[in-house]
Every structure is written in C-alpha cells, then in structure tokens.
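**Student:** Dropping the structure in here first, questions after.
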Amino acid sequence: MSITTEKTFETAIIQALINNGGYTQGNAEDYSKELGLFKYEIIHFLQETQPKKWTKLEAIHGTQIHNRIIQRLYKELDLRGSLDVLRNGFVDYGIRFQLAYFKPVSGLNPETAALYNKNQLKVYRQVYYSKKNTNSVDLVIAVNGLPVATFELKNQFTGQNLQDALKQYSTTRDNRELLFTFKKRALVHFAVDQDEVFMTTRLNGNKTYWLPFNKGYNKGKGNPKAANGDYKTSYLWNDILTKDSWLEIIQQFIHLQTEEYLVDNKTYKKETLIFPRYHQLDVVRKVSKNVLQVHAGTNYLIQHSAGSGKSNSIAWLAYKLTGLHTAANERIFDAVIVVTDRRVLDQQLQNTIYQFEHKSGVVQRIDKDSTQLANALQHGTNIIITTLQKFPFVVDKVGALPDRKYAVIIDEAHSSQGGEASKKMKEVLGVTSLEEAAEQEATDDFTGEDLINKKVEHSAESRGKQKNISFFAFTATPKEKTLKVFGHRDAEGKPKAFHLYAMRQAIEEGFILDVLQNYTTYDLYFRLSKAIEEDPKLNKKKANKAIGRFVSLHPHNLAQKTEVIVEHFRQVVMHRIGGKAKAMLVCGSRLHAKRYFEEFERYIKNKGYTDLKVLVAFSGKVIDDNTSSDGVAEPELTGFGEKELPTVFEKDEYRILIVAEKYQTGFDQPLLQTMYVDKKLSGVKAVQTLSRLNRTCAGKIDTFVLDFVNEREDIFKSFQPYYETTTVSEETDINHLYDLRHRLDQMQVYWQSEIDSFANVYFHPDTKLNNPSQQKYLYSFTDPAVTRFKALEKEVQDEFKKGIRTWTNLYSFLGQIMPFPDMESEKFYAYAKLLQTRLPKRDLSETIQLNDEIALEYYRLQKIKEGAIALIQGEDGELKGATEAGLKRPKEEEALLSEIVSVLNDRFGTEFEEADRLFFESIEAELLKDENLKQQAIVNKEDTFKYAFEDVFIMKLIERMEENQEIFERILEDTSFGDLVKKIMMKRIHRKFNNQL
C-alpha cells in the first residue's frame, strides 16, 4: 500500500484508537443494513453485563429472545433516538436494559466502575450501509454495537481535501439510510483531512449545516502544528475519540434542543442535536481539571466571543462542576449558582440537565422571592439559577449557613449586575456578619452598569478571595479591572483570561459577522453664527458641550440625518436578507431618541411610505422643552409596552429601531443588518453596541455601519483589544473604480456587447422570477470570456482575477454608501460576479461552496459584499487602567463665544469662505427689500410663509448666479443642501420682517 493513499490515513487513525484510545477493530460485515446497528455486538454486551435480566427475559421469549430484544431496541431507537437509549436504556416486558455504562463521578461505588470498564468501543472500516447501492463510509465508531459517529476522510496527497468530504456527505449520503437518519443512529458525522475537521449532527443534502471542530490557530481559525510531527487533526483521535472522552461527551455534552414556533395558531417543533464545538469542550475540561487541583476559592475568567455558544458552555460547566469530587470522594462544590438575567438560559439548563440526569429537582430557578432562594441554599439544591437582584434580600432570611462551598457562574453578557446586589451575594455565600455587611454598604458608592459588575470586583479586591467560593465569569469584552480581579497571571505577570475564544476566530469560523467590514463615517458640516452682539466669556468646556447639544438637537440637523437614514435604508438596506433586513439608530440621549422618532414619523408620512414602520426605545420619561407635558415614556410613543417591544420588532413591518442606552447590549436580533450611529462611542461600549449587528442568519452575508459622530481610528482602538487582528480600511477614492475598470478592459477578456446581452437577460423580469429557461443564456454570454481567459499567460490570469475581484468588492462597498446612478457599472458588476465563479481555479478554494445554483439564484436577488479588512496578527491588545484618578485639574479655560464657534467650525471641517458668506448676505439683503414678501411674512406663520418665499428666493438666486456659480449649482443640484439653505434663509427673513414691527 502506497504511503500517500487515503487508506494510509485511515490506518493511522485506526491504529491510534486501538493502541491508545481503548478501542478494538470491528468487522464491517457485521453491520445490519436493515437494522442500522451491529446486532451481535449488542447481544453480547447485554449478556455480558446484565446476565440476570437476560435470563429473566429468556424465560419469556425462549429461543426468539435474540430477535425479540433487537426488535424492541429497534422500536425504542425509532421512538426516542439513540442518545436517549444510550443514556437511559430500554425496557422490554418490564425489564430495563442499559446499553452503556458511564463513569461514576466518585469512587464510592466499585461495582459501577467495573461495569464502566465493560463498555466496548469499536472502530469499523469501510462500512457498506445501503441496500440501494454499493456506497461505503470510511469509518464508523460504535458503542456496544450501536453506531454513534461516521467519518469521511480525505488525503491531500491524492488531490482531495476537506471540501471534497463535505461534498461527499452532502451529495451521496442519503439521510433516509438508517445510519444517517437524524438522531436515530449516528449522533455526529465528521469530515476530516490532515489540516481541519468539520462536523454536523444532521445530514440534509446541500442544506447541511457544517460546524468547524478545530482548535484555532493564532486566535483565528484552523489548527496548529501537532507535537511529534503528527497530523494537525490528530487531536480528534488522540484526545476527543478516546474511550473516556467519548463516553463523557455522550453522557454530559450532547443534548437534544427543542424549540417551539407558533405559526397561524399552530405549534411547530424544531429539534436540534447539539454536539459541543471544540472550544466549548476544551473550556469545560480545562476549568474542571484546574478545579480538581486547587479546589474552591479560585476565580476564572472565560473570554468567549459572541457567537461562541456561551449558553451551552455555561450549562455544560454547571453540570460538570456539580459532579467534581476530591481524591477523598468529597464534593468540591455543594452547590452551583448561575447568575443570569436570561430566561432562555434557565429553560435550556433545565432541559439539558434533565437529559443528563433524567430526573427533576437538579436545577431550580429562583423566580418568586428571596425566601425561595434562601431555601434552595439551605437545602442543598445542586444548581440554582437566580438574578443578582435577589441577593440583597436574602441576608435577612438566612442565618448561619452550614460550612458550604459554592461555584458561582456569572453570565454577564445579558445582565445589568448591580454592585450592591453583588456584595450581598458574597455576604450570603461567605457567611459575612450582618454588621460587616452594613459597614461595607455604608461606604459603598458603586452603581450597577457594567457587564461584570463593579462591586464583585471591588469586593474581590478589598476582601480578597474567599476560600469557599469560586467565581467563573463569562464575558466577551473584559474590562481592565475585570482582568485584574478574575484573570490568571501569565509568565510576565499580566492578567489574562483563563480560556479564550477570540472574536477573530468566531468571525473566521463564520459564527458571527465582522461589524467593521463596512464602516462609513458621515462628516457633519455646519456653520454657527454668533446670535448675540455681546461676546461674553464662557466656560469653554461647558460652552462646547452646550453648542454641540444645540447643533445635534437642532431640527435642521435631525431632519437632514433622518432623510439620509430613511432613504439609505429604503434604497440600500431593506431589500437585503431576502427583504427582511432591519436597522438600528443609536442616539446620544433619550431626548434625541424622542425627537428622532417624531422626525422619522413626520418624514415617512410626508413621503407617503407605507412599507416602513419605526419603533423607539428608552427608559423612564423624557421631558422635552418643545412640549408642555411633564414627560413622555416609550409606550406612549410606540403604543406598546416596554417588554413587548422586542417581539413587536420581529414583525416584518417594523424595520428601524431607535434606541438610547436600551438594547445596546444583550439584544439579539439576527435580522439587524445596518446600524446608524449618532452617539459618541468608545471602548467596551463601542464593541458591545456595534456587536448587535454580528449575529448570523440565513441570507445575511454582511453588515453596514453609517456613523455620524465617531472617528474610524477611535472605533479601531476600541475593538483592537478584543479583536486582536483587525483594522478598518481607509477611505476609498471612487475614481479608483473607473481606473481599475479601464485596466481590466484593456486585457480584452470580455466584450461590451457580451455584457449588454448578459444584462438584458439577467435583469429581465422573467429571470427575476427564476425562469429556468433563462439560465443557459447567462452561461452562453460568459463562455467567450472564459475561453479568452484560458488563453492568457498565467501571470496575466492572476492579474485579471485579482483586478476583477477588487473591482467587484469596491463597487459593492461603495454601493452601500450611496445608490449608484451609473447603470453601466451596475451591469458590469452583475456580469463580473458570475464570471468570477466560472474562471478556472489554480488551487482548491478554502471556502465551502456546495451548490453553485443556490449562489447564482442568490446573486440575482441582491448584491453581495466581500469585505476588505486588514488583519494585524500576533498582537495582544492591552487595556489601560485609570491614570488620572484623584489628580487636581487645572482651572478650566474661558474663551470668547466667537473663538469657540471658530474652533468648532475648524474641527468639523466646513469649507465656507468669506466670499460665500457675502453671497448669502447679498441674497438676504435683496429679499429684505421685497415689500410683497414682507407682507406675506407679516400675515403668515413660517409653515405657510415658506410657499411664498421659495419662488422669490429662487428668482433672487438666479439674478446673482454669476457672483457665485458654485453655490448656485449646489443649491439647485444637491437637494438636501438646497433645502437646508432655503429653510435657514426663510426663517431668518421671516424673523427679521416680524422684528421690524
């Protein structure tokens, strides 16, 4: 056998499992295609491990016992699935047989340990699984005769890789075959080559959802080099598949998740078999191993990015911690307390752990009062789920708790944990005296606004670690203080997370989207005029703030931005994600949110748009000086209760959500595709807010941010510590688009006549309706270009492919900022995107594209974006601590109002010159001479005066157009600019005419 073949790869895996994994090799011919299992292995296991039960059943079935028991097992597998049968056995005539024995959590029961050792794990090679064809699967592993996993292996020396394994599963593995039927037999399917591993629990043709099962490399995707020159993927068979590991995964990790959906008053259930991703398995095992060494009293920081599956990781860790015992067979933790505000995690924990234990009462949610919590602590409930807010009341109800040890898992991602409540938690669990608690409470001035609350950190710092409590804090964005309190010190003494699943890895593995991929800033140009003749001295800092607030809340500013947002959303965003895309506008204050909402409502109504509704979210009541009321609350504006809003926003007609502080953290809406930012963001707040966009869903391939306030460099600095390898691309010169197109044209790969013919078909209404008869023309009009491309030199081919890819990426990016009037570019974009898919590839693509037909259909519906982002690898981001706390500040400067205005104008980059100001003044002077206009101003209010004013203004403008052609053309051609000028001028003229009375 050649050393380079796939069989060599198979042999290496089998030998490792036999020599070091606790397996034996089975006979593939023993597989029953009709039953989907290894019948004789199952019978042998039952006879060997449960002889008394077998004898009882044999008295009932006689010589038919083999067939009858297998038939019963077959039915139970069909009804309940293999996972439940493996964990809980099956019953025949009142006699329960176990199909597997799991490792006991302690050594107190030697008989259970002996039964565990009788489990038979076998690996089978080239299993022919079908009666319909002669297909075989490379490897199957079985537990006591029941198949639990399949493997397709690919060897790169033969010209195949992971992508071929995925394609093989998706195209030639029929999920109606028993071996591949969802949850009935094999629990998981692995696609493996020498570099990477992917897995799935449900085969579904081209719709199969594959997950990477890789370690990660340099905080990104992939795998590092293995020790001793082994395969990069050798961890799969050397660690994961070994007997102890694999049986633990079956017992304590895999679980069936059931979700219910209500559609047209009918309830539908969706089942998903959850198999842990590598980092989830890794964190639970590494934390557990460390706890076994050091016992209670140590803090752990788990920094896992959004998209890491924290809910499942918490559930698995909670269950694992309850079963940890010392060498003396004593429980390390008497109770595990999960602190969270997520009800979904509560239900998930209940369901998951019920599957593990198959009994109730292991998990208790504290959802009534503090008495319920006190009882749970006193009576030793294994896992307690509560909110931090419950702890301030429990001190009064709990006396001296027994000497108990606690594991506290803090799920900070969706909770607003108050410092006061956190202190009470430590008081209860640490049995602190009420006197000490009262003394600490009197000196505590922390408030609850951080992800991992400040007071937990403060208590840990001031009082030190408590020997009976271990904290396990899950966060995606730890602060500097969080790292100091919960982090583990590295060789250089720097605090770092105990376990890391980086944002970069989550993005590269496709679990979240890169929210910095398309980030556009929108410069606000404005000109302030001194409205008073005096020039008083003002506090510069306060004046800057006041003027900035005036500008940001000014109706002109809000109206202009509202138009930009609504039109951008309608023209660019709303058709994305199959026409379901939503957006969020982040405001600087509750008053901003209220006024934006009113301006949106007004604008949408005036435009007659019926396909767009807006919601607003803020806490409490906001008082607006523009109205006489004593304040307005969110429900009064929206018509919905605050708790209803997330559900209402899921409805198709509600497309934009305006927020002030609310929903900037802990809000998961996968259909959010675009964010408009009109608020200063920095540090962890910036990361949390923008990360509302990163959730994935079917059809969502990118995100977009339009930022009116922040600088790109500030956003980069905010993300760098958590992202590690990200930067934001520089501003793009639109002319580069045309320069690059000219260079591509010169290569003469395509002809304009072919692009025109292609466009006539591609954009034809019949094609939009996915008329199958049209597709052949798309091929025929791209065939000539493919032929010419093949005739080019290799270097020229590379240059063309790089150039056309760059052009389409650039066009797609710019197309999100503004709708293009250039139809020729739009036609070329559609042509170029599909041409790229047809150009020969020199190397196999790393991306998994199982079905080009689906991709083709999707490109017809909307443009796609392939991001341009530069990664800086190998740099750890460092958070800075407070450096000026307590320092005396110099006296704040005072400055003349005119100087402040000048500084602001410089900062915001206006380009008005003295000649421009004089031009407007001359127009104003001409308007003030008009007596008819004066009479109109006196007898009409502003909203009706504007109709008389506009015609006169245009006439005066035309009369003086030669004085300033640039401003004249901009007023007439740039609608938003012209409307703003007319509006400002109209208000000035109306006011001046009326002040003359």
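Letters for chains follow the order of the structure tokens (A, B, ...), residue numbers begin at 1 for each chain, and ligand numbers begin at 1 in the order shown.
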Near A:His742, within 12 Å and counting only C-alpha atoms, which residues show up once chain neighbours fewer than 4 positions away are dropped, as a ChimeraX atom specification?

**Tutor:** /A:735-738,746-748,800,803-804,807,825

**Student:** Extract, using only C-alpha atoms, all DNA, RNA and protein residues at most 12 Å from A:Leu99, discarding same-chain residues fewer than 3 positions from it, and format them as an mmCIF file with N, CA and C atoms, in the first residue's frame.

**Tutor:**
```cif
data_model
loop_
_atom_site.group_PDB
_atom_site.id
_atom_site.type_symbol
_atom_site.label_atom_id
_atom_site.label_comp_id
_atom_site.auth_asym_id
_atom_site.auth_seq_id
_atom_site.Cartn_x
_atom_site.Cartn_y
_atom_site.Cartn_z
ATOM 1 N N GLU A 41 -22.955 -7.567 18.442
ATOM 2 C CA GLU A 41 -22.223 -6.834 19.476
ATOM 3 C C GLU A 41 -23.173 -6.404 20.595
ATOM 4 N N ILE A 42 -24.382 -5.989 20.210
ATOM 5 C CA ILE A 42 -25.367 -5.560 21.211
ATOM 6 C C ILE A 42 -25.774 -6.743 22.090
ATOM 7 N N ILE A 43 -26.063 -7.856 21.452
ATOM 8 C CA ILE A 43 -26.481 -9.045 22.215
ATOM 9 C C ILE A 43 -25.372 -9.488 23.167
ATOM 10 N N HIS A 44 -24.140 -9.498 22.676
ATOM 11 C CA HIS A 44 -23.004 -9.902 23.519
ATOM 12 C C HIS A 44 -22.877 -8.974 24.721
ATOM 13 N N PHE A 45 -23.039 -7.656 24.523
ATOM 14 C CA PHE A 45 -22.904 -6.695 25.624
ATOM 15 C C PHE A 45 -24.000 -6.924 26.667
ATOM 16 N N LEU A 46 -25.231 -7.123 26.236
ATOM 17 C CA LEU A 46 -26.334 -7.331 27.184
ATOM 18 C C LEU A 46 -26.133 -8.602 27.993
ATOM 19 N N GLN A 47 -25.704 -9.680 27.356
ATOM 20 C CA GLN A 47 -25.470 -10.941 28.065
ATOM 21 C C GLN A 47 -24.319 -10.830 29.053
ATOM 22 N N GLU A 48 -23.287 -10.099 28.639
ATOM 23 C CA GLU A 48 -22.075 -9.982 29.453
ATOM 24 C C GLU A 48 -22.294 -9.107 30.683
ATOM 25 N N THR A 49 -23.054 -8.032 30.544
ATOM 26 C CA THR A 49 -23.161 -7.050 31.626
ATOM 27 C C THR A 49 -24.428 -7.210 32.473
ATOM 28 N N GLN A 50 -25.460 -7.832 31.931
ATOM 29 C CA GLN A 50 -26.743 -7.928 32.648
ATOM 30 C C GLN A 50 -27.301 -9.352 32.526
ATOM 31 N N ILE A 70 -33.902 -7.430 19.920
ATOM 32 C CA ILE A 70 -33.417 -6.494 18.904
ATOM 33 C C ILE A 70 -34.590 -5.712 18.292
ATOM 34 N N LEU A 73 -35.486 -3.039 20.786
ATOM 35 C CA LEU A 73 -34.490 -1.983 20.736
ATOM 36 C C LEU A 73 -34.681 -1.109 19.491
ATOM 37 N N GLU A 76 -37.527 1.234 20.078
ATOM 38 C CA GLU A 76 -37.158 2.293 21.032
ATOM 39 C C GLU A 76 -36.239 3.325 20.376
ATOM 40 N N LEU A 77 -35.296 2.871 19.568
ATOM 41 C CA LEU A 77 -34.425 3.798 18.841
ATOM 42 C C LEU A 77 -35.231 4.677 17.900
ATOM 43 N N SER A 82 -31.129 7.450 19.503
ATOM 44 C CA SER A 82 -30.028 6.682 20.077
ATOM 45 C C SER A 82 -29.423 7.339 21.315
ATOM 46 N N LEU A 83 -29.437 8.677 21.403
ATOM 47 C CA LEU A 83 -28.843 9.347 22.558
ATOM 48 C C LEU A 83 -29.596 8.991 23.835
ATOM 49 N N ASP A 84 -30.913 9.070 23.782
ATOM 50 C CA ASP A 84 -31.720 8.762 24.960
ATOM 51 C C ASP A 84 -31.581 7.294 25.335
ATOM 52 N N VAL A 85 -31.533 6.412 24.346
ATOM 53 C CA VAL A 85 -31.402 4.979 24.625
ATOM 54 C C VAL A 85 -30.039 4.676 25.239
ATOM 55 N N LEU A 86 -28.988 5.294 24.742
ATOM 56 C CA LEU A 86 -27.657 5.082 25.307
ATOM 57 C C LEU A 86 -27.601 5.529 26.766
ATOM 58 N N ARG A 87 -28.239 6.649 27.067
ATOM 59 C CA ARG A 87 -28.172 7.182 28.423
ATOM 60 C C ARG A 87 -29.083 6.432 29.396
ATOM 61 N N ASN A 88 -30.270 6.067 28.923
ATOM 62 C CA ASN A 88 -31.283 5.578 29.844
ATOM 63 C C ASN A 88 -31.751 4.153 29.581
ATOM 64 N N GLY A 89 -31.155 3.509 28.569
ATOM 65 C CA GLY A 89 -31.504 2.122 28.302
ATOM 66 C C GLY A 89 -32.867 1.973 27.649
ATOM 67 N N PHE A 90 -33.346 0.731 27.586
ATOM 68 C CA PHE A 90 -34.659 0.454 27.007
ATOM 69 C C PHE A 90 -35.328 -0.651 27.818
ATOM 70 N N VAL A 91 -36.641 -0.713 27.683
ATOM 71 C CA VAL A 91 -37.422 -1.643 28.505
ATOM 72 C C VAL A 91 -38.133 -2.649 27.608
ATOM 73 N N ARG A 96 -35.589 -3.446 32.360
ATOM 74 C CA ARG A 96 -34.789 -2.366 31.774
ATOM 75 C C ARG A 96 -33.350 -2.818 31.556
ATOM 76 N N PHE A 102 -21.730 4.589 32.262
ATOM 77 C CA PHE A 102 -20.888 5.780 32.274
ATOM 78 C C PHE A 102 -20.055 5.853 33.543
ATOM 79 N N LEU A 115 -18.551 -2.012 35.797
ATOM 80 C CA LEU A 115 -19.453 -2.048 34.639
ATOM 81 C C LEU A 115 -18.995 -1.080 33.556
ATOM 82 N N TYR A 116 -18.485 0.069 33.975
ATOM 83 C CA TYR A 116 -17.986 1.060 33.008
ATOM 84 C C TYR A 116 -16.879 0.439 32.160
ATOM 85 N N LYS A 118 -16.615 -2.445 31.134
ATOM 86 C CA LYS A 118 -17.109 -3.465 30.201
ATOM 87 C C LYS A 118 -17.679 -2.866 28.913
ATOM 88 N N ASN A 119 -17.756 -1.511 28.833
ATOM 89 C CA ASN A 119 -18.186 -0.897 27.575
ATOM 90 C C ASN A 119 -17.233 -1.302 26.453
ATOM 91 N N GLN A 120 -17.788 -1.617 25.294
ATOM 92 C CA GLN A 120 -16.985 -1.995 24.140
ATOM 93 C C GLN A 120 -17.085 -0.906 23.062
ATOM 94 N N ALA A 142 -18.661 2.654 17.098
ATOM 95 C CA ALA A 142 -19.862 2.189 17.759
ATOM 96 C C ALA A 142 -19.591 1.962 19.233
ATOM 97 N N VAL A 143 -20.615 2.205 20.045
ATOM 98 C CA VAL A 143 -20.559 1.926 21.482
ATOM 99 C C VAL A 143 -21.464 0.724 21.754
ATOM 100 N N ASN A 144 -20.857 -0.368 22.126
ATOM 101 C CA ASN A 144 -21.603 -1.596 22.442
ATOM 102 C C ASN A 144 -22.533 -2.026 21.304
ATOM 103 N N GLY A 145 -22.083 -1.843 20.092
ATOM 104 C CA GLY A 145 -22.822 -2.291 18.924
ATOM 105 C C GLY A 145 -23.729 -1.254 18.288
ATOM 106 N N LEU A 146 -23.899 -0.086 18.933
ATOM 107 C CA LEU A 146 -24.757 0.965 18.375
ATOM 108 C C LEU A 146 -23.874 2.036 17.732
ATOM 109 N N PRO A 147 -23.999 2.285 16.421
ATOM 110 C CA PRO A 147 -23.152 3.288 15.764
ATOM 111 C C PRO A 147 -23.449 4.686 16.281
#
```

**Student:** Work out how far atom CA of A:Ala335 is from atom CA of A:Arg404, in Å to one decimal.

**Tutor:** 8.2 Å

**Student:** What does the distance between atom CA of A:Phe486 and atom CA of A:Leu301 come to in Å, to one decimal place?

**Tutor:**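 Between these atoms lies a distance of 5.3 Å.
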
**Student:** What separation in Å, quoted to one decimal, exists between atom CA of A:Glu921 and atom CA of A:Gln935?

**Tutor:**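 Atom-to-atom, atom CA of A:Glu921 to atom CA of A:Gln935, that is 21.0 Å.
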
**Student:** My list of candidates is A:Tyr93, A:Leu187, A:Thr112, A:Gly81. Which is closest to A:Leu57 when distances are computed with only C-alpha atoms?

**Tutor:**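 Ranking A:Tyr93, A:Leu187, A:Thr112, A:Gly81 by distance to A:Leu57, first place goes to A:Tyr93.
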
**Student:** Excluding same-chain residues fewer than 5 positions from stretch 664-680 of chain A, what lies within 8 Å of it counting only C-alpha atoms, as a PyMOL selection string?

**Tutor:** chain A and resi 413-415+565+573+577+580-588+650+659+688-690+692-697+700+702-710

**Student:** If you run DSSP on the backbone here, which positions in stretch 76-120 of chain A get helix (DSSP H, G or I)? Please write them as a PyMOL selection string.

**Tutor:** chain A and resi 76-80+82-88+110-116

**Student:** Env of stretch 641-645 of chain A: 10 Å cut, atoms = only C-alpha atoms, seq-sep filter 2 positions within chain, self excluded. Answer as a CSV table (one decimal) with C-alpha atoms, in the first residue's frame.

**Tutor:**
```csv
chain,number,residue,atom,x,y,z
A,615,LEU,CA,-40.0,51.9,16.9
A,616,VAL,CA,-38.2,53.8,19.7
A,617,ALA,CA,-36.8,52.5,23.0
A,618,PHE,CA,-35.7,54.4,26.1
A,619,SER,CA,-36.1,54.1,29.8
A,633,ALA,CA,-42.5,57.4,28.1
A,634,GLU,CA,-41.6,54.9,25.4
A,635,PRO,CA,-45.1,53.2,25.4
A,636,GLU,CA,-46.8,56.5,24.8
A,638,THR,CA,-45.0,53.4,20.3
A,639,GLY,CA,-48.3,52.1,21.7
A,647,THR,CA,-41.4,40.8,20.0
A,648,VAL,CA,-43.0,43.6,18.1
A,649,PHE,CA,-39.7,44.5,16.4
A,650,GLU,CA,-39.7,40.9,15.0
A,657,LEU,CA,-35.4,50.7,16.0
```

**Student:** Out of A:Thr150, A:Thr200, A:Thr326, A:Asn606, which residue has the shortest atom-to-atom distance to A:Arg277 when counting only C-alpha atoms?

**Tutor:**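 The closest residue to A:Arg277 is A:Thr200.
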
**Student:** Applying 9 Å and only C-alpha atoms, which residues near stretch 128-140 of chain A remain after dropping the ones on its own chain fewer than 4 positions away? List them as a list of chain:residue names.

**Tutor:**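 Contacts, with the query itself left out: A:Glu10, A:Ile14, A:Ala28, A:Glu29, A:Tyr31, A:Ser32, A:Lys33, A:Glu34, A:Gly36, A:Lys122, A:Val123, A:Tyr124, A:Pro147, A:Val148, A:Ala149, A:Thr150, A:Phe151, A:Glu152, A:Leu153, A:Thr172, A:Arg173, A:Glu177, A:Leu178, A:Leu179, A:Ala186.
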
**Student:** Selected residues, N, CA and C atoms, written as a PDB file, in the first residue's frame, please.

**Tutor:**
```pdb
ATOM      1  N   GLU A  10      -6.460   6.324   6.955  1.00  0.00           N
ATOM      2  CA  GLU A  10      -7.422   5.514   7.711  1.00  0.00           C
ATOM      3  C   GLU A  10      -6.700   4.624   8.719  1.00  0.00           C
ATOM      4  N   ILE A  14      -7.024   4.356  12.853  1.00  0.00           N
ATOM      5  CA  ILE A  14      -7.461   3.108  13.490  1.00  0.00           C
ATOM      6  C   ILE A  14      -6.403   2.605  14.477  1.00  0.00           C
ATOM      7  N   ALA A  28     -16.623  -4.946   9.683  1.00  0.00           N
ATOM      8  CA  ALA A  28     -17.606  -4.106   8.998  1.00  0.00           C
ATOM      9  C   ALA A  28     -18.756  -4.929   8.430  1.00  0.00           C
ATOM     10  N   GLU A  29     -18.503  -6.183   8.088  1.00  0.00           N
ATOM     11  CA  GLU A  29     -19.562  -7.017   7.502  1.00  0.00           C
ATOM     12  C   GLU A  29     -20.659  -7.370   8.503  1.00  0.00           C
ATOM     13  N   TYR A  31     -22.303  -5.255  10.119  1.00  0.00           N
ATOM     14  CA  TYR A  31     -23.318  -4.189  10.130  1.00  0.00           C
ATOM     15  C   TYR A  31     -24.588  -4.641   9.428  1.00  0.00           C
ATOM     16  N   SER A  32     -25.728  -4.470  10.083  1.00  0.00           N
ATOM     17  CA  SER A  32     -27.018  -4.829   9.512  1.00  0.00           C
ATOM     18  C   SER A  32     -27.625  -3.622   8.822  1.00  0.00           C
ATOM     19  N   LYS A  33     -27.748  -3.676   7.500  1.00  0.00           N
ATOM     20  CA  LYS A  33     -28.315  -2.559   6.745  1.00  0.00           C
ATOM     21  C   LYS A  33     -29.788  -2.363   7.076  1.00  0.00           C
ATOM     22  N   GLU A  34     -30.493  -3.456   7.400  1.00  0.00           N
ATOM     23  CA  GLU A  34     -31.917  -3.363   7.729  1.00  0.00           C
ATOM     24  C   GLU A  34     -32.143  -2.756   9.108  1.00  0.00           C
ATOM     25  N   GLY A  36     -29.590  -1.080  10.988  1.00  0.00           N
ATOM     26  CA  GLY A  36     -28.759   0.095  11.249  1.00  0.00           C
ATOM     27  C   GLY A  36     -27.940  -0.052  12.508  1.00  0.00           C
ATOM     28  N   LYS A 122     -15.770   0.149  19.414  1.00  0.00           N
ATOM     29  CA  LYS A 122     -15.135  -0.456  18.247  1.00  0.00           C
ATOM     30  C   LYS A 122     -15.125   0.528  17.086  1.00  0.00           C
ATOM     31  N   VAL A 123     -14.083   0.406  16.263  1.00  0.00           N
ATOM     32  CA  VAL A 123     -13.979   1.208  15.054  1.00  0.00           C
ATOM     33  C   VAL A 123     -14.089   0.260  13.863  1.00  0.00           C
ATOM     34  N   TYR A 124     -14.918   0.640  12.900  1.00  0.00           N
ATOM     35  CA  TYR A 124     -15.179  -0.184  11.721  1.00  0.00           C
ATOM     36  C   TYR A 124     -14.729   0.570  10.471  1.00  0.00           C
ATOM     37  N   PRO A 147     -23.999   2.285  16.421  1.00  0.00           N
ATOM     38  CA  PRO A 147     -23.152   3.288  15.764  1.00  0.00           C
ATOM     39  C   PRO A 147     -23.449   4.686  16.281  1.00  0.00           C
ATOM     40  N   VAL A 148     -22.385   5.431  16.602  1.00  0.00           N
ATOM     41  CA  VAL A 148     -22.571   6.768  17.176  1.00  0.00           C
ATOM     42  C   VAL A 148     -21.904   7.868  16.348  1.00  0.00           C
ATOM     43  N   ALA A 149     -20.986   7.505  15.448  1.00  0.00           N
ATOM     44  CA  ALA A 149     -20.324   8.531  14.646  1.00  0.00           C
ATOM     45  C   ALA A 149     -19.826   7.928  13.343  1.00  0.00           C
ATOM     46  N   THR A 150     -19.867   8.736  12.279  1.00  0.00           N
ATOM     47  CA  THR A 150     -19.306   8.339  10.990  1.00  0.00           C
ATOM     48  C   THR A 150     -18.235   9.336  10.587  1.00  0.00           C
ATOM     49  N   PHE A 151     -17.345   8.887   9.684  1.00  0.00           N
ATOM     50  CA  PHE A 151     -16.215   9.727   9.268  1.00  0.00           C
ATOM     51  C   PHE A 151     -15.969   9.570   7.769  1.00  0.00           C
ATOM     52  N   GLU A 152     -15.823  10.691   7.100  1.00  0.00           N
ATOM     53  CA  GLU A 152     -15.305  10.697   5.731  1.00  0.00           C
ATOM     54  C   GLU A 152     -13.931  11.345   5.777  1.00  0.00           C
ATOM     55  N   LEU A 153     -12.927  10.617   5.326  1.00  0.00           N
ATOM     56  CA  LEU A 153     -11.538  11.072   5.385  1.00  0.00           C
ATOM     57  C   LEU A 153     -11.049  11.434   3.991  1.00  0.00           C
ATOM     58  N   THR A 172     -23.897  12.334  -1.636  1.00  0.00           N
ATOM     59  CA  THR A 172     -24.016  10.874  -1.793  1.00  0.00           C
ATOM     60  C   THR A 172     -24.419  10.150  -0.521  1.00  0.00           C
ATOM     61  N   ARG A 173     -24.659  10.879   0.555  1.00  0.00           N
ATOM     62  CA  ARG A 173     -25.060  10.234   1.806  1.00  0.00           C
ATOM     63  C   ARG A 173     -26.530  10.571   2.065  1.00  0.00           C
ATOM     64  N   GLU A 177     -31.142   6.691   4.870  1.00  0.00           N
ATOM     65  CA  GLU A 177     -30.446   5.484   5.316  1.00  0.00           C
ATOM     66  C   GLU A 177     -30.365   5.503   6.843  1.00  0.00           C
ATOM     67  N   LEU A 178     -30.604   4.370   7.490  1.00  0.00           N
ATOM     68  CA  LEU A 178     -30.660   4.339   8.949  1.00  0.00           C
ATOM     69  C   LEU A 178     -29.410   4.918   9.604  1.00  0.00           C
ATOM     70  N   LEU A 179     -28.253   4.612   9.039  1.00  0.00           N
ATOM     71  CA  LEU A 179     -27.006   5.089   9.643  1.00  0.00           C
ATOM     72  C   LEU A 179     -26.956   6.609   9.711  1.00  0.00           C
ATOM     73  N   ALA A 186     -26.316   7.238  14.142  1.00  0.00           N
ATOM     74  CA  ALA A 186     -25.117   8.039  14.383  1.00  0.00           C
ATOM     75  C   ALA A 186     -25.509   9.433  14.882  1.00  0.00           C
TER      76      ALA A 186
END
```

**Student:** For A:Thr171, which of A:Ile250, A:Leu839, A:Leu203, A:Val786 is the closest residue, counting only C-alpha atoms?

**Tutor:**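 Of the candidates, the smallest distance to A:Thr171 is held by A:Leu203.
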
**Student:** List the neighbours of A:Gln364 out to 8 Å using only C-alpha atoms; skip same-chain residues closer than 5 positions along the sequence, and give me the result as a count of residues only.

**Tutor:** 5

**Student:** Looking at only C-alpha atoms, which of A:Lys941, A:Arg838, A:Lys405, A:Arg743 is the one that sits closest to A:Thr787?

**Tutor:**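 So, comparing all the options, the nearest one is A:Arg838.
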